[in-house]
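So the structure is just underneath, and the comments pick up after that.
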Protein chains: 2
Amino acid sequence: MSHTVELISVGTELLLGNIVNSDAQALSRELSGLGLNVLYHSVVGDNPGRLKAAVELARGRADVLITTGGLGPTCDDLTKQTLAECFGRKLVYHPECAESIRCFFRRAGREMTENNLQQAYLPEGCDVLDNAWGTAPGCAFEADGSYVVMLPGPPSECLPMFRERAAPWLARLSEGVIRSRTLRVFGLGESAVEARFRDRMNELTNPTLAPYAKEGEVELRITAKAATQAEAEALIAPVEEEVRAALGELVYGADVSGLEQVVLDGARERGLTLGTAESCTGGLIAKRITDVPGAASVFKGGVVSYHCEVKAGVLGVSQALLDEKGAVCAQVAQEMARGARRVLGCDLAVSVTGVAGPDPDERGNPVGLVYTALAAPDGVWVKRLNLAGPAARRDRVRNLAANHALDMARRWLAGLDPAGGDWPMDG
Amino acid sequence: MSHTVELISVGTELLLGNIVNSDAQALSRELSGLGLNVLYHSVVGDNPGRLKAAVELARGRADVLITTGGLGPTCDDLTKQTLAECFGRKLVYHPECAESIRCFFRRAGREMTENNLQQAYLPEGCDVLDNAWGTAPGCAFEADGSYVVMLPGPPSECLPMFRERAAPWLARLSEGVIRSRTLRVFGLGESAVEARFRDRMNELTNPTLAPYAKEGEVELRITAKAATQAEAEALIAPVEEEVRAALGELVYGADVSGLEQVVLDGARERGLTLGTAESCTGGLIAKRITDVPGAASVFKGGVVSYHCEVKAGVLGVSQALLDEKGAVCAQVAQEMARGARRVLGCDLAVSVTGVAGPDPDERGNPVGLVYTALAAPDGVWVKRLNLAGPAARRDRVRNLAANHALDMARRWLAGLDPAGGDWPMDG
């Protein structure tokens with residue numbers, strides 16, 4: 001029998017829109033990896049009656065119930081109280097949990113307020129899921145054919161608690177595995193990708209092939225279900241080959257975190273260093289590069305030349321050029337990239353200058369007009385982009401501009417024309 | 001009668017954890033602002049049977065049903081088909097929608113694939129919600145006491161569609177308003193904040209007072225329900241005063257997007273300019289500052305001096321100092337800030353140098369050891385931070401370090417000791 005999962009997230013802050021339900025995303029991804037089918041996410045507020053009804057509903061339509069949130073001292077342990085009631089269990093004091101909570105505060109060098117000890121009450125007969133990342137312990141038990149797991153809500157606790165504590169407990173339920181491979185595509189819009197693969201997507205059942213639009217790029221995810229990881233991978237391989245044959249150089253990576261990772265890996269392999277010169281992206285490219293652990297072996301640094309003075313003074317962009325043409329033009333982008341290479345002493349430098357919005361610049365250049373450039377040992381390339389589309393937003397223009405700049409480096413490293421590629425973007 | 005809302009999000013990609021349900025957050029926030037109570041979020045996959053069951057359930061426990069997703073050509077218009085069936089309506093072709101879709105592609109300069117025209121089929125007798133931000137139109141209708149609204153899934157379409165199209169349609173249901181005011185607190189952990197206000201939080205019913213932990217800071221949200229905006233604000237004001245009296249300078253702003261906004265506003269008011277020098281935060285501070293529209297009037301630029309060569313060569317940090325003490329020490333942080341002030345020609349410069357992880361640096365400095373500094377016209381201040389806590393993560397260390405650096409500038413602008421403040425952080 002295949003197990004089915006419902007995630008129940010508890011918290012009025014989710015219903016008020018104060019926070020996004022990132023726990024549901026993180027756990028869903030993990031559960032798929034264990035071969036468990038997540039069929040529903042439910043969110044209810046801090047309300048015992050509605051939570052109880054949600055649990056009763058979930059018991060009837062899934063056999064694994066995982067809750068997030070409502071465990072800490074600030075919410076009166078709503079989730080534990082309610083779930084214990086639904087499954088006819090008492091809450092009992094676990095002295096070893098109280099000790100862990102005290103310990104947590106000692107390690108963090110902080111004083112513990114007494115309300116924290118509430119968290120040591122857990123349903124009778126449960127398996128305690130010790131929380132090494134925060135104070136509220138989780139728990140798990142089996143009752144009346146249901147498998148119940150309760151996890152704390154803060155994302156920095158929820159995911160490690162799942163991986164280190166809940167996943168081993170759930171391993172007994174797993175039959176077979178689900179494996180996914182995500183091909184990342186830059187330079188083709190979602191509907192164009194979809195139109196190209198529509199028939200195959202409809203034909204394929206195992207593995208499945210599905211497109212996901214991300215801002216300025218598309219993911220094609222191949223997902224296979226099989227008894228073992230090796231079998232799942234054998235199902236995935238021919239479909240991956242087929243996609244790569246169809247899209248060629250537009251596929252920039254598989255199971256990578258983004259263009260920044262591919263650029264770092266490519267530069268590292270060739271022993272090259274990297275730098276950035278950013279105007280309208282304001283540090284975003286450097287930030288994305290340094291999000292990747294180990295970036296220091298490749299990335300030397302960057303200059304955020306938001307004002308023209310910094311473009312001229314730090315990067316050496318010609319003041320006459322800036323006076324004549326303003327900051328948003330192809331030559332400034334090129335001089336910024338050249339300047340970054342020289343000032344930072346790096347092999348490859350990418351640059352961006354443009355109008356992120358919300359308003360046109362003082363010369364009347366429209367929102368979304370962006371130039372990106374790449375300076376490499378063998379030359380300098382530049383691209384002119386119109387990233388506005390019908391619904392320009394500042395963060396979207398900045399993200400797309402960063403993607404285009406990184407893609408120029410990616411293409412150079414792959415031996416392709418850095419300013420080439422095909423850009424019928426969906427937006 | 002007070003109206004209650006259920007959000008139903010349709011998409012297997014949500015259940016697989018490929019994307020986070022940001023639509024549910026965005027719409028919940030908007031709906032609260034309209035005075036509508038969101039009681040449930042539900043997520044179901046691309047499965048007509050389960051979607052139908054979810055709609056039947058939702059009709060029984062809420063009177064406003066809002067769906068997101070499942071409208072586009074890639075999902076066979078699952079949501080429209082299923083909802084039309086649940087409410088006994090046919091899908092009919094809307095030629096004006098087909099024309100809008102064609103128009104959208106023309107404006108974007110892209111070719112339209114034929115599958116896009118599927119999107120012009122909508123339930124008979126509905127109000128069409130024209131989509132100016134994408135291709136799939138939404139729709140709304142009233143049937144058997146339920147109010148049904150269907151919106152497209154992509155976040156860049158969903159939120160503007162709600163604000164510009166669905167909100168006016170729903171305005172008929174709104175009685176009274178819900179208003180919130182969010183006080184942002186830096187320098188005190190969540191459980192300390194909670195312990196301090198626990199009694200008041202339990203006593204208060206309208207307005208309510210609730211804490212929300214964010215990474216490295218805490219939000220205190222005061223929410224009032226009243227007939228008019230003015231009445232709601234009058235309920236909020238005394239509670240805000242009470243919190244400010246209790247927390248003093250730790251409250252850094254109300255209804256602001258973050259420390260970066262407060263720093264930009266404070267500098268702008270005093271006619272001062274700003275710059276950054278970043279090592280382990282790698283551009284994150286500059287990125288956060290330039291996320292804010294209009295940053296250009298204050299922010300001159302930044303240097304991401306990831307390698308020591310850049311610290312010495314661009315910022316003028318003493319090479320002898322770097323050789324002797326390495327990059328992670330108080331003096332380097334101070335010299336970076338001083339250097340940024342000089343090189344960028346700005347009035348205030350913040351700097352960060354430290355170990356973001358995942359590994360200690362080559363001198364054995366532990367993950368989370370970070371120095372932040374501020375250089376101002378009247379001096380230079382530095383702070384030594386241990387940001388590791390029991391569960392150090394690279395992104396967490398970087399975010400906290402950025403917050404501390406920005407808070408130094410915030411405190412200087414407010415006439416406080418830049419290196420002061422109280423840091424019993426929760427982690």
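Chain lettering (A, B, ...) mirrors the order of the structure tokens, residue numbering begins at 1 for each chain separately, and ligand numbering begins at 1 in order of display.
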A:Gly69 surroundings by only C-alpha atoms, 7 Å radius, close-in-sequence under 6 positions cut, as a ChimeraX atom specification:
/A:9-11,151-153
Residues from the last selection, N, CA and C atoms, saved as a short mmCIF file (atom, residue, chain, number, x, y, z; two decimals), in the first residue's frame:
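Listing of selection_9.cif after writing:
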data_model
loop_
_atom_site.label_atom_id
_atom_site.label_comp_id
_atom_site.auth_asym_id
_atom_site.auth_seq_id
_atom_site.Cartn_x
_atom_site.Cartn_y
_atom_site.Cartn_z
N SER A 9 -0.51 22.88 8.62
CA SER A 9 0.28 23.98 9.20
C SER A 9 -0.63 24.80 10.09
N VAL A 10 -0.17 25.06 11.29
CA VAL A 10 -0.99 25.73 12.29
C VAL A 10 -0.44 27.13 12.54
N GLY A 11 -1.27 28.14 12.35
CA GLY A 11 -0.77 29.48 12.67
C GLY A 11 -1.60 30.56 12.04
N LEU A 151 5.97 18.86 14.26
CA LEU A 151 7.25 19.56 14.15
C LEU A 151 7.06 21.04 14.50
N PRO A 152 8.12 21.67 14.99
CA PRO A 152 8.02 23.11 15.30
C PRO A 152 7.90 23.93 14.02
N GLY A 153 7.37 25.14 14.13
CA GLY A 153 7.10 25.97 12.97
C GLY A 153 8.27 26.76 12.41
#
For this session: Taking only C-alpha atoms into account, report as a VMD selection string which residues of chain B lie within 6 Å of chain A.
Result: chain B and resid 15 to 17 20 22 25 28 to 29 38 40 to 44 108 133 282 to 284 286 to 287 290 300 to 307 389 391
For the strand (DSSP E) assignment from backbone DSSP, which residues of stretch 139-361 of chain B qualify? Please present them as number ranges by chain.
B: 139-143, 146-151, 177-185, 208-214, 217-226, 251-254, 274-278, 299-304, 348-354
*asked:* Taking only stretch 225-376 of chain B into account, list the residues labelled helix (DSSP H, G or I) by DSSP (computed from the backbone), as a PyMOL selection string.
replied: chain B and resi 229-250+259-269+284-291+295-297+308-313+319-325+330-344
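Residues lying within 8 Å of stretch 370-384 of chain B, counting only C-alpha atoms and ignoring same-chain neighbours fewer than 4 positions away, are Val328, Cys329, Ala330, Ala333, Gln334, Ala337, Arg338, Arg341, Asp347, Leu348, Ala349, Val350, Ser351, Val352, Thr353, Gly354, Val355, Ala401, His404, Ala405, Met408, Ala409, Pro418 and Ala419 of chain B.
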Q) Neighbours of stretch 141-144 of chain A within 10 Å (only C-alpha atoms; same-chain residues fewer than 6 positions away dropped), as a PyMOL selection string? A) chain A and resi 59+63-64+87-89+123-128+150+169
Give me the residues within 10 Å of B:Ala230 as a tab-separated table (two decimals) with C-alpha atoms, in the first residue's frame, counting only C-alpha atoms and dropping any in the same chain fewer than 5 places off.
chain	number	residue	atom	x	y	z
B	177	VAL	CA	-11.71	46.96	8.03
B	179	ARG	CA	-5.73	47.33	10.12
B	235	LEU	CA	-7.49	51.36	18.77
B	236	ILE	CA	-3.93	50.69	17.68
